[in-house]
file structure.txt (compact mmCIF, C-alpha atoms)
# COMPACT_ATOMS: atom_id res chain seq x y z
CA MET A 224 99.73 146.77 107.06
CA LYS A 225 101.35 146.87 103.61
CA ILE A 226 104.02 144.77 101.93
CA GLU A 227 106.18 147.91 101.84
CA ASP A 228 106.23 147.91 105.65
CA PHE A 229 108.86 145.14 105.55
CA LYS A 230 111.25 146.82 103.11
CA ASN A 231 114.73 147.25 104.61
CA LYS A 232 113.42 145.98 107.96
CA LYS A 233 115.43 143.51 110.01
CA VAL A 234 113.28 140.40 110.50
CA THR A 235 113.88 137.18 112.42
CA ILE A 236 111.90 134.11 111.38
CA PHE A 237 111.65 131.97 114.52
CA GLY A 238 111.23 128.36 113.37
CA LEU A 239 111.81 127.26 109.76
CA GLY A 240 110.37 123.76 109.99
CA VAL A 241 109.97 121.13 107.29
CA MET A 242 106.31 121.57 106.29
CA GLY A 243 106.65 124.60 104.01
CA GLY A 244 105.24 127.42 106.15
CA GLY A 245 108.58 128.84 107.27
CA VAL A 246 109.98 128.55 103.76
CA GLY A 247 107.06 130.49 102.27
CA THR A 248 107.40 133.20 104.92
CA ALA A 249 111.15 133.53 104.34
CA LYS A 250 110.70 133.82 100.56
CA PHE A 251 107.93 136.38 100.91
CA LEU A 252 109.85 138.61 103.30
CA SER A 253 113.10 138.36 101.37
CA LYS A 254 111.33 139.30 98.11
CA SER A 255 109.62 142.16 99.97
CA GLY A 256 113.02 143.67 100.70
CA ALA A 257 113.41 142.63 104.33
CA ARG A 258 116.77 141.65 105.79
CA VAL A 259 115.90 138.13 106.90
CA THR A 260 117.49 135.89 109.52
CA VAL A 261 116.08 132.38 109.95
CA THR A 262 116.74 130.64 113.26
CA ASP A 263 115.77 127.09 114.20
CA ILE A 264 116.95 124.71 116.93
CA LYS A 265 117.13 121.96 114.31
CA THR A 266 120.38 121.57 112.42
CA GLU A 267 121.08 122.25 108.75
CA THR A 268 121.06 118.49 108.16
CA ASP A 269 117.60 118.19 109.73
CA LEU A 270 116.33 121.09 107.63
CA ALA A 271 118.26 120.35 104.44
CA GLU A 272 115.25 120.39 102.11
CA SER A 273 113.89 123.65 103.52
CA VAL A 274 117.29 125.36 103.50
CA ASP A 275 118.00 124.17 99.95
CA SER A 276 114.74 125.71 98.68
CA LEU A 277 115.86 129.12 99.98
CA LYS A 278 119.34 129.16 98.42
CA LYS A 279 118.36 131.78 95.83
CA GLN A 280 117.23 134.19 98.55
CA LYS A 281 119.47 136.54 100.50
CA ILE A 282 118.91 135.02 103.95
CA ASP A 283 121.12 134.46 107.00
CA PHE A 284 120.68 131.09 108.73
CA ILE A 285 121.31 130.47 112.43
CA LEU A 286 120.61 126.75 112.84
CA GLY A 287 121.11 124.28 115.66
CA LYS A 288 120.79 127.11 118.20
CA HIS A 289 119.16 130.47 118.94
CA ARG A 290 120.91 133.75 119.69
CA ARG A 291 119.62 136.45 122.00
CA GLU A 292 120.50 139.23 119.55
CA ASP A 293 118.12 137.83 116.93
CA PHE A 294 115.24 138.71 119.26
CA THR A 295 116.41 142.11 120.46
CA ASN A 296 118.07 144.10 117.69
CA VAL A 297 115.36 143.52 115.04
CA ASP A 298 112.20 145.20 113.74
CA PHE A 299 109.98 142.07 113.72
CA VAL A 300 110.02 138.48 114.95
CA ILE A 301 107.87 136.10 112.89
CA LYS A 302 106.82 133.17 115.08
CA GLY A 303 106.41 129.74 113.49
CA PRO A 304 103.26 127.77 114.43
CA GLY A 305 105.30 125.16 116.31
CA ILE A 306 106.75 127.73 118.72
CA PRO A 307 104.93 127.90 122.09
CA ASN A 308 103.78 131.33 123.23
CA ASN A 309 105.77 131.02 126.45
CA SER A 310 109.10 130.52 124.65
CA GLN A 311 111.95 132.29 126.46
CA TYR A 312 112.99 133.88 123.16
CA LEU A 313 109.55 135.39 122.60
CA GLU A 314 109.80 136.75 126.15
CA ILE A 315 113.10 138.38 125.19
CA ALA A 316 111.42 139.98 122.16
CA ARG A 317 108.50 141.24 124.27
CA LYS A 318 110.82 142.76 126.88
CA ASN A 319 112.64 144.56 124.10
CA LYS A 320 109.33 145.78 122.60
CA VAL A 321 109.94 143.87 119.35
CA PRO A 322 106.63 143.17 117.53
CA ILE A 323 105.82 139.45 117.19
CA GLU A 324 104.00 138.46 114.02
CA THR A 325 102.85 135.25 112.29
CA ASP A 326 102.44 134.38 108.64
CA ILE A 327 98.68 133.99 109.16
CA GLY A 328 98.42 137.41 110.81
CA ILE A 329 100.30 139.04 107.93
CA PHE A 330 98.16 137.19 105.39
CA PHE A 331 94.84 138.27 106.90
CA GLU A 332 96.04 141.90 106.91
CA LEU A 333 97.11 141.80 103.25
CA CYS A 334 94.52 139.50 101.66
CA LYS A 335 91.74 141.44 99.88
CA ALA A 336 89.65 138.38 98.96
CA PRO A 337 87.02 136.62 101.10
CA ILE A 338 88.45 133.84 103.26
CA ILE A 339 86.85 130.52 104.21
CA GLY A 340 88.65 129.13 107.27
CA VAL A 341 88.37 125.50 108.34
CA THR A 342 89.45 124.20 111.73
CA GLY A 343 88.76 121.23 113.99
CA SER A 344 90.53 118.40 115.76
CA LYS A 345 89.88 115.97 112.93
CA GLY A 346 88.85 116.25 109.28
CA LYS A 347 89.87 119.86 108.61
CA SER A 348 92.21 119.02 105.71
CA THR A 349 89.66 116.82 103.95
CA THR A 350 86.90 119.38 104.49
CA ALA A 351 89.05 122.26 103.17
CA VAL A 352 90.00 120.31 100.03
CA LEU A 353 86.38 119.26 99.43
CA ILE A 354 85.20 122.87 99.74
CA GLN A 355 87.82 124.03 97.25
CA LYS A 356 86.97 121.29 94.74
CA ILE A 357 83.22 121.96 94.97
CA LEU A 358 83.59 125.75 94.65
CA LYS A 359 85.83 125.28 91.60
CA THR A 360 82.87 123.78 89.74
CA LYS A 361 81.37 127.29 89.67
CA PHE A 362 84.22 129.76 90.31
CA LYS A 363 87.44 129.98 88.33
CA ASN A 364 89.81 131.23 91.01
CA VAL A 365 89.59 129.23 94.26
CA ILE A 366 92.90 128.90 96.13
CA LEU A 367 93.75 126.47 98.94
CA GLY A 368 96.39 127.09 101.62
CA GLY A 369 97.25 127.09 105.31
CA ASN A 370 97.99 124.09 107.50
CA ILE A 371 97.95 121.76 104.53
CA GLY A 372 101.52 122.15 103.32
CA VAL A 373 100.81 125.30 101.29
CA SER A 374 102.23 128.49 102.82
CA VAL A 375 99.69 131.32 102.94
CA LEU A 376 102.35 133.86 101.99
CA ASP A 377 103.30 131.73 98.98
CA ILE A 378 99.77 132.09 97.59
CA LEU A 379 99.30 135.79 98.40
CA GLY A 380 100.59 136.99 95.02
CA LYS A 381 98.03 134.84 93.17
CA ILE A 382 95.03 136.36 94.92
CA LYS A 383 92.75 138.93 93.29
CA LYS A 384 89.58 140.53 94.62
CA ASP A 385 87.39 137.92 92.91
CA THR A 386 89.44 135.02 94.31
CA ILE A 387 87.96 132.77 97.00
CA VAL A 388 90.54 131.62 99.55
CA VAL A 389 90.09 128.36 101.48
CA LEU A 390 92.43 127.93 104.46
CA GLU A 391 92.95 125.03 106.80
CA LEU A 392 93.75 126.64 110.17
CA SER A 393 95.29 124.94 113.20
CA SER A 394 94.70 126.25 116.72
CA TRP A 395 98.27 127.60 116.72
CA GLN A 396 97.68 129.49 113.49
CA LEU A 397 94.42 130.91 114.80
CA GLU A 398 96.29 132.38 117.76
CA GLY A 399 98.15 134.56 115.25
CA LEU A 400 94.86 136.32 114.42
CA LEU A 401 94.25 137.59 117.97
CA PRO A 402 96.45 140.72 117.74
CA HIS A 403 94.81 141.61 114.41
CA LYS A 404 91.23 140.97 115.61
CA LYS A 405 90.51 139.09 112.38
CA SER A 406 88.37 136.06 111.57
CA PRO A 407 87.45 134.49 108.21
CA HIS A 408 84.26 135.52 106.39
CA ILE A 409 83.11 131.90 106.60
CA ALA A 410 84.36 129.85 109.55
CA VAL A 411 83.97 126.06 109.64
CA ILE A 412 84.50 123.96 112.79
CA THR A 413 84.38 120.24 112.00
CA ASN A 414 84.61 118.91 115.57
CA ILE A 415 86.61 119.40 118.77
CA PHE A 416 88.32 116.69 120.84
CA PRO A 417 90.97 117.07 123.58
CA GLU A 418 94.20 117.67 121.67
CA HIS A 419 97.65 119.30 122.07
CA LEU A 420 97.37 119.27 125.86
CA ASN A 421 101.16 119.24 125.96
CA ARG A 422 100.93 122.76 124.51
CA TYR A 423 97.77 124.10 126.20
CA ARG A 424 97.11 124.36 129.93
CA ASP A 425 93.85 122.43 129.63
CA PHE A 426 91.04 121.55 127.21
CA LYS A 427 89.35 124.93 127.77
CA ASP A 428 92.53 126.70 126.68
CA TYR A 429 92.55 124.63 123.48
CA VAL A 430 88.86 125.36 122.81
CA ASP A 431 89.49 129.08 123.36
CA ALA A 432 92.12 128.97 120.61
CA LYS A 433 89.62 127.35 118.25
CA LYS A 434 87.04 130.05 119.07
CA ILE A 435 89.25 132.68 117.43
CA ILE A 436 87.99 131.43 114.04
CA PHE A 437 84.68 133.23 114.71
CA LYS A 438 85.59 135.60 117.56
CA PHE A 439 85.90 138.67 115.31
CA GLN A 440 83.21 137.82 112.78
CA LYS A 441 80.51 140.38 111.94
CA GLU A 442 76.76 139.92 111.39
CA ASN A 443 77.15 139.26 107.67
CA ASP A 444 79.71 136.47 108.24
CA TYR A 445 78.95 132.76 108.65
CA LEU A 446 79.85 130.08 111.17
CA ILE A 447 79.39 126.50 109.91
CA LEU A 448 79.23 124.44 113.07
CA ASN A 449 78.90 120.76 113.89
CA GLU A 450 75.64 120.55 115.87
CA ASN A 451 77.45 118.50 118.54
CA LEU A 452 79.29 121.70 119.46
CA LYS A 453 76.23 123.88 120.24
CA GLU A 454 77.07 123.98 123.94
CA PHE A 455 80.66 125.07 123.32
CA PHE A 456 79.74 128.28 121.52
CA PRO A 457 76.65 129.99 122.98
CA GLN A 458 77.69 133.52 121.95
CA VAL A 459 78.16 134.08 118.24
CA LYS A 460 77.66 137.35 116.30
CA SER A 461 77.61 135.79 112.83
CA LYS A 462 74.99 133.68 111.08
CA ILE A 463 75.19 130.08 112.35
CA VAL A 464 74.58 127.13 110.04
CA PHE A 465 74.55 123.79 111.85
CA PHE A 466 75.43 120.52 110.14
CA LYS A 467 75.17 116.93 111.26
CA GLY A 468 77.68 114.31 110.15
CA GLY A 469 81.20 114.35 108.75
CA ASN A 470 83.36 116.25 106.29
CA ASN A 471 80.90 116.00 103.39
CA GLU A 472 78.13 117.79 105.32
CA ALA A 473 80.44 120.68 106.37
CA ALA A 474 81.48 121.12 102.71
CA LYS A 475 77.83 121.01 101.55
CA ALA A 476 76.89 123.73 104.05
CA VAL A 477 79.53 126.08 102.63
CA SER A 478 78.52 125.19 99.06
CA ALA A 479 74.91 126.17 99.83
CA ILE A 480 76.06 129.71 100.72
CA TYR A 481 77.57 129.97 97.24
CA ASN A 482 74.52 128.40 95.55
CA ILE A 483 76.44 125.48 94.05
CA ASN A 484 74.38 123.05 91.98
CA SER A 485 73.54 119.98 94.13
CA ARG A 486 74.39 117.60 91.29
CA LYS A 487 77.88 119.13 91.03
CA ILE A 488 78.34 118.77 94.80
CA GLU A 489 77.48 115.07 94.75
CA GLU A 490 79.70 114.52 91.72
CA VAL A 491 82.73 115.97 93.54
CA ILE A 492 82.01 114.03 96.74
CA ASN A 493 81.50 110.73 94.91
CA ASN A 494 84.79 111.12 92.99
CA PHE A 495 86.78 112.32 95.99
CA GLU A 496 89.77 110.19 97.01
CA SER A 497 91.18 110.19 100.55
CA LEU A 498 94.04 112.61 101.15
CA GLU A 499 97.50 111.35 101.97
CA GLY A 500 97.60 110.01 105.51
CA ARG A 501 93.85 110.22 106.13
CA LEU A 502 92.35 106.73 105.83
CA GLU A 503 94.38 106.46 102.64
CA PHE A 504 94.07 103.06 100.96
CA VAL A 505 97.61 101.92 100.16
CA GLU A 506 97.54 98.40 98.75
CA GLU A 507 95.99 94.95 98.96
CA ILE A 508 98.41 92.04 99.45
CA ASP A 509 97.22 88.43 99.68
CA GLY A 510 93.70 89.66 100.41
CA ILE A 511 94.94 91.97 103.22
CA LYS A 512 94.13 95.69 102.83
CA PHE A 513 96.59 98.29 104.15
CA TYR A 514 95.39 101.78 105.17
CA ASN A 515 97.55 104.79 106.06
CA ASP A 516 95.89 107.03 108.66
CA THR A 517 99.07 108.58 110.05
CA CYS A 518 97.37 111.98 110.54
CA ALA A 519 95.31 110.51 113.41
CA THR A 520 97.64 111.94 116.06
CA HIS A 521 95.29 111.71 119.05
CA PRO A 522 93.08 108.90 120.43
CA ASN A 523 89.73 110.41 119.43
CA ALA A 524 90.97 110.78 115.87
CA THR A 525 91.83 107.08 115.72
CA ILE A 526 88.41 106.16 117.13
CA TYR A 527 86.75 108.41 114.53
CA SER A 528 88.81 106.86 111.71
CA MET A 529 88.07 103.31 112.81
CA GLU A 530 84.35 104.05 112.88
CA LYS A 531 84.60 105.40 109.32
CA LEU A 532 86.66 102.39 108.24
CA LYS A 533 84.01 100.02 109.62
CA GLU A 534 81.46 101.71 107.34
CA LYS A 535 83.80 101.11 104.38
CA GLU A 536 85.03 97.63 105.35
CA PRO A 537 82.36 96.16 107.65
CA LEU A 538 83.63 92.56 107.50
CA GLY A 539 87.37 93.01 107.96
CA ASN A 540 89.19 92.28 111.21
CA ILE A 541 91.57 95.14 112.07
CA ILE A 542 95.23 94.86 112.98
CA LEU A 543 96.00 98.30 114.39
CA ILE A 544 99.47 99.87 114.35
CA ALA A 545 99.47 102.65 116.96
CA GLY A 546 101.61 104.45 119.50
CA GLY A 547 104.24 107.15 119.58
CA GLU A 548 104.72 110.24 121.72
CA ASP A 549 102.10 111.51 124.15
CA LYS A 550 100.59 115.01 124.05
CA ASN A 551 99.29 114.76 127.63
CA LEU A 552 96.10 113.08 126.42
CA ASN A 553 93.79 110.51 128.02
CA PHE A 554 93.74 107.02 126.46
CA GLU A 555 91.01 105.39 128.60
CA GLN A 556 88.22 105.70 126.00
CA PHE A 557 90.64 104.60 123.27
CA THR A 558 91.61 101.51 125.28
CA ARG A 559 87.95 100.57 125.81
CA PHE A 560 87.17 101.09 122.12
CA ILE A 561 89.99 98.98 120.71
CA LYS A 562 89.19 96.15 123.14
CA LYS A 563 85.92 95.66 121.23
CA GLU A 564 87.02 96.59 117.72
CA ILE A 565 90.45 95.20 116.85
CA LYS A 566 92.06 91.80 116.44
CA THR A 567 95.67 92.71 117.28
CA LEU A 568 97.44 95.85 118.50
CA ILE A 569 100.97 96.56 117.32
CA LEU A 570 102.63 99.30 119.37
CA LEU A 571 105.43 101.59 118.20
CA PRO A 572 107.76 102.92 120.94
CA GLY A 573 106.92 106.12 122.81
CA SER A 574 105.43 107.72 125.89
CA ALA A 575 101.87 107.41 124.52
CA SER A 576 102.37 103.69 123.96
CA ASN A 577 103.24 103.34 127.64
CA LYS A 578 99.80 104.76 128.56
CA ILE A 579 97.83 102.31 126.39
CA LYS A 580 96.77 99.40 128.61
CA SER A 581 95.39 97.07 125.98
CA GLU A 582 93.42 93.94 126.77
CA VAL A 583 93.77 92.55 123.25
CA SER A 584 96.71 90.67 121.78
CA THR A 585 99.58 93.21 121.73
CA ILE A 586 102.94 93.15 119.97
CA LYS A 587 105.57 95.77 120.82
CA VAL A 588 107.99 96.73 118.05
CA GLU A 589 110.97 99.05 117.66
CA ASN A 590 110.21 100.64 114.29
CA ILE A 591 107.65 100.92 111.50
CA GLU A 592 109.33 98.26 109.34
CA GLU A 593 109.00 95.69 112.12
CA ALA A 594 105.41 96.82 112.71
CA VAL A 595 104.49 96.10 109.08
CA ARG A 596 106.20 92.69 109.12
CA GLU A 597 104.40 91.67 112.32
CA ALA A 598 101.08 92.95 110.99
CA LYS A 599 101.47 90.84 107.86
CA LYS A 600 102.17 87.75 109.99
CA GLU A 601 99.07 88.37 112.11
CA ALA A 602 96.71 89.16 109.23
CA GLN A 603 94.71 86.72 107.14
CA SER A 604 92.92 87.27 103.85
CA GLY A 605 90.03 89.69 104.44
CA ASP A 606 91.77 91.46 107.33
CA ILE A 607 92.80 95.13 107.44
CA VAL A 608 96.14 96.55 108.58
CA LEU A 609 95.56 100.11 109.76
CA LEU A 610 98.25 102.62 110.74
CA SER A 611 96.30 105.05 112.95
CA PRO A 612 98.73 105.96 115.73
CA ALA A 613 96.62 108.05 118.15
CA ALA A 614 99.90 109.77 119.05
CA ALA A 615 102.56 112.16 117.83
CA SER A 616 105.43 111.06 115.61
CA PHE A 617 108.38 113.18 116.66
CA ASN A 618 110.29 110.49 118.59
CA LEU A 619 110.89 108.36 115.47
CA PHE A 620 109.98 110.50 112.45
CA LYS A 621 110.32 114.03 111.06
CA ASN A 622 106.53 114.44 111.21
CA GLU A 623 103.34 112.42 110.71
CA PHE A 624 103.71 112.47 106.92
CA ASP A 625 107.21 111.01 107.20
CA ARG A 626 105.70 108.25 109.37
CA GLY A 627 103.03 107.52 106.76
CA ARG A 628 105.52 107.45 103.88
CA LYS A 629 107.84 105.09 105.76
CA PHE A 630 104.80 102.87 106.43
CA LYS A 631 104.09 102.74 102.70
CA GLU A 632 107.74 102.04 101.93
CA ALA A 633 107.73 99.18 104.43
CA ILE A 634 104.66 97.67 102.76
CA LYS A 635 106.59 97.49 99.48
CA THR A 636 109.22 95.27 101.13
CA ILE A 637 106.68 92.57 102.00
CA THR A 638 105.07 92.30 98.55

call {"tool": "encode", "arguments": {"input": "structure.txt", "output": "structure tokens"}}
result
Amino acid sequence: MKIEDFKNKKVTIFGLGVMGGGVGTAKFLSKSGARVTVTDIKTETDLAESVDSLKKQKIDFILGKHRREDFTNVDFVIKGPGIPNNSQYLEIARKNKVPIETDIGIFFELCKAPIIGVTGSKGKSTTAVLIQKILKTKFKNVILGGNIGVSVLDILGKIKKDTIVVLELSSWQLEGLLPHKKSPHIAVITNIFPEHLNRYRDFKDYVDAKKIIFKFQKENDYLILNENLKEFFPQVKSKIVFFKGGNNEAAKAVSAIYNINSRKIEEVINNFESLEGRLEFVEEIDGIKFYNDTCATHPNATIYSMEKLKEKEPLGNIILIAGGEDKNLNFEQFTRFIKKEIKTLILLPGSASNKIKSEVSTIKVENIEEAVREAKKEAQSGDIVLLSPAAASFNLFKNEFDRGRKFKEAIKTIT
């Protein structure tokens, strides 16, 4: 595949979204000379920021609906990561023999630099950023992208042969590599919990999607694998490096391949601040500490975060703000865990909240502002208010980051 392959071609981008990926793809294809149509079920109002950023490009927008002709009379359909594989519109494209591509698939075909791919159910963003920061202590050109708000096609023009590319890759993005039979040179799997079971048939289906990160690796490639996952992946062609522990250990394992000075590694790790929405310390008010962990969108992620928080804040009682929309996940272990570990549970509305049968003091609220007010009433000096929802955000918010930002805004109103 070459960039020239898209010149004068009629391309439909299926799913613009609000996280940057669709925008980057649209810009790339428009600048490559393609005739681009963007279609999304969301309205122009919903997608105002994304649409506004594409005003300088020659692009047709079909928003608030989809049209059959945008999947039949075209040369390519570019599927957004949020679009399920069984979408009726993808079926229309397949029946009409229209090739279906993804931004990740295009990127892997065009990128000439070595790629480090990071996936997992929890911790992949933090691990990817840590790897980039550590590698930058030795190498000048280390670029970060992927499922972290940085479109891969936006960064393509900055990449040279001596660049090192670090990508955070979701299971949906990894699926885009199957037709290309591509995997990163170094694959990192942080952990795997049941997740996105509203999208996958079962846990095995989800694990199979994660396996793509090493499925097409060769003998001179590397798989950095949490040792807890040995049983999941018995057949691997590449060199396996096992690690034990959290994000820091996965980043150290990659750094060892590149012979990074151990003192530099520790320096980066010690100075590393939590990313937005991942056990992010927000503020202390009247001796009460507020943490934003909005990216914990499934129960195991919240359990993992609370265990990490206990290491940081061993003496604080936790008031947990949780709940939202269900992804067909099991909350039994979560319910048992919070019974022992939290002081009060504050539940946001949603189908996941209805599945949480808590045996601790529980307050049900209608919105995040009410949740913060109630948390402040419940908390005493020395306590911790933690937003770690264990559920999806789409019933009340644009996405999990919108949820986290509204949480932080609500905190400002009680100071």

call {"tool": "atom_distance", "arguments": {"input": "structure.txt", "atom1": "atom CA of A:Ser616", "atom2": "atom CA of A:Ser394"}}
result
18.6 Å

call {"tool": "residues_near_point", "arguments": {"input": "structure.txt", "point": "(86.4, 133.9, 93.1)", "cutoff": "12 Å", "atoms": "only C-alpha atoms", "output": "MDAnalysis selection string"}}
result
chainID A and resid 335:339 355 358:367 381:389 481

call {"tool": "atom_distance", "arguments": {"input": "structure.txt", "atom1": "atom CA of A:Gln440", "atom2": "atom CA of A:Gln458"}}
result
11.5 Å

call {"tool": "closest_residue", "arguments": {"input": "structure.txt", "among": "A:Ala594, A:Leu353, A:Ala316, A:Leu376", "to": "A:Asn494", "atoms": "all atoms listed in the file"}}
result
A:Leu353

call {"tool": "atom_distance", "arguments": {"input": "structure.txt", "atom1": "atom CA of A:Ile357", "atom2": "atom CA of A:Ile409"}}
result
15.3 Å

call {"tool": "residues_around", "arguments": {"input": "structure.txt", "residues": "A:Ala633", "least_positions_apart": "6", "cutoff": "10 Å", "atoms": "all atoms listed in the file", "output": "JSON, numbers by chain"}}
result
{"A": [591, 592, 593, 594, 595, 596, 627]}

call {"tool": "closest_residue", "arguments": {"input": "structure.txt", "among": "A:Ala602, A:Val464, A:Leu609, A:Ile480", "to": "A:Ile526", "atoms": "all atoms listed in the file"}}
result
A:Leu609

call {"tool": "closest_residue", "arguments": {"input": "structure.txt", "among": "A:Glu489, A:Glu499, A:Glu391, A:Asp549", "to": "A:Glu418", "atoms": "all atoms listed in the file"}}
result
A:Asp549

call {"tool": "residues_around", "arguments": {"input": "structure.txt", "residues": "A:Val321", "least_positions_apart": "4", "cutoff": "10 Å", "atoms": "all atoms listed in the file", "output": "list in words"}}
result
Phe294, Thr295, Asn296, Val297, Asp298, Phe299, Val300, Leu313, Glu314, Ile315, Ala316 and Arg317 of chain A

call {"tool": "residues_around", "arguments": {"input": "structure.txt", "residues": "A:Arg559", "least_positions_apart": "6", "cutoff": "10 Å", "atoms": "all atoms listed in the file", "output": "JSON, numbers by chain"}}
result
{"A": [580, 581, 582]}

call {"tool": "closest_residue", "arguments": {"input": "structure.txt", "among": "A:Gln556, A:Asn482, A:Thr517, A:Ser393", "to": "A:Glu503", "atoms": "all atoms listed in the file"}}
result
A:Thr517

call {"tool": "residues_around", "arguments": {"input": "structure.txt", "residues": "A:Gly305", "least_positions_apart": "2", "cutoff": "9 Å", "atoms": "all atoms listed in the file", "output": "ChimeraX atom specification"}}
result
/A:238,240,302-303,307,395
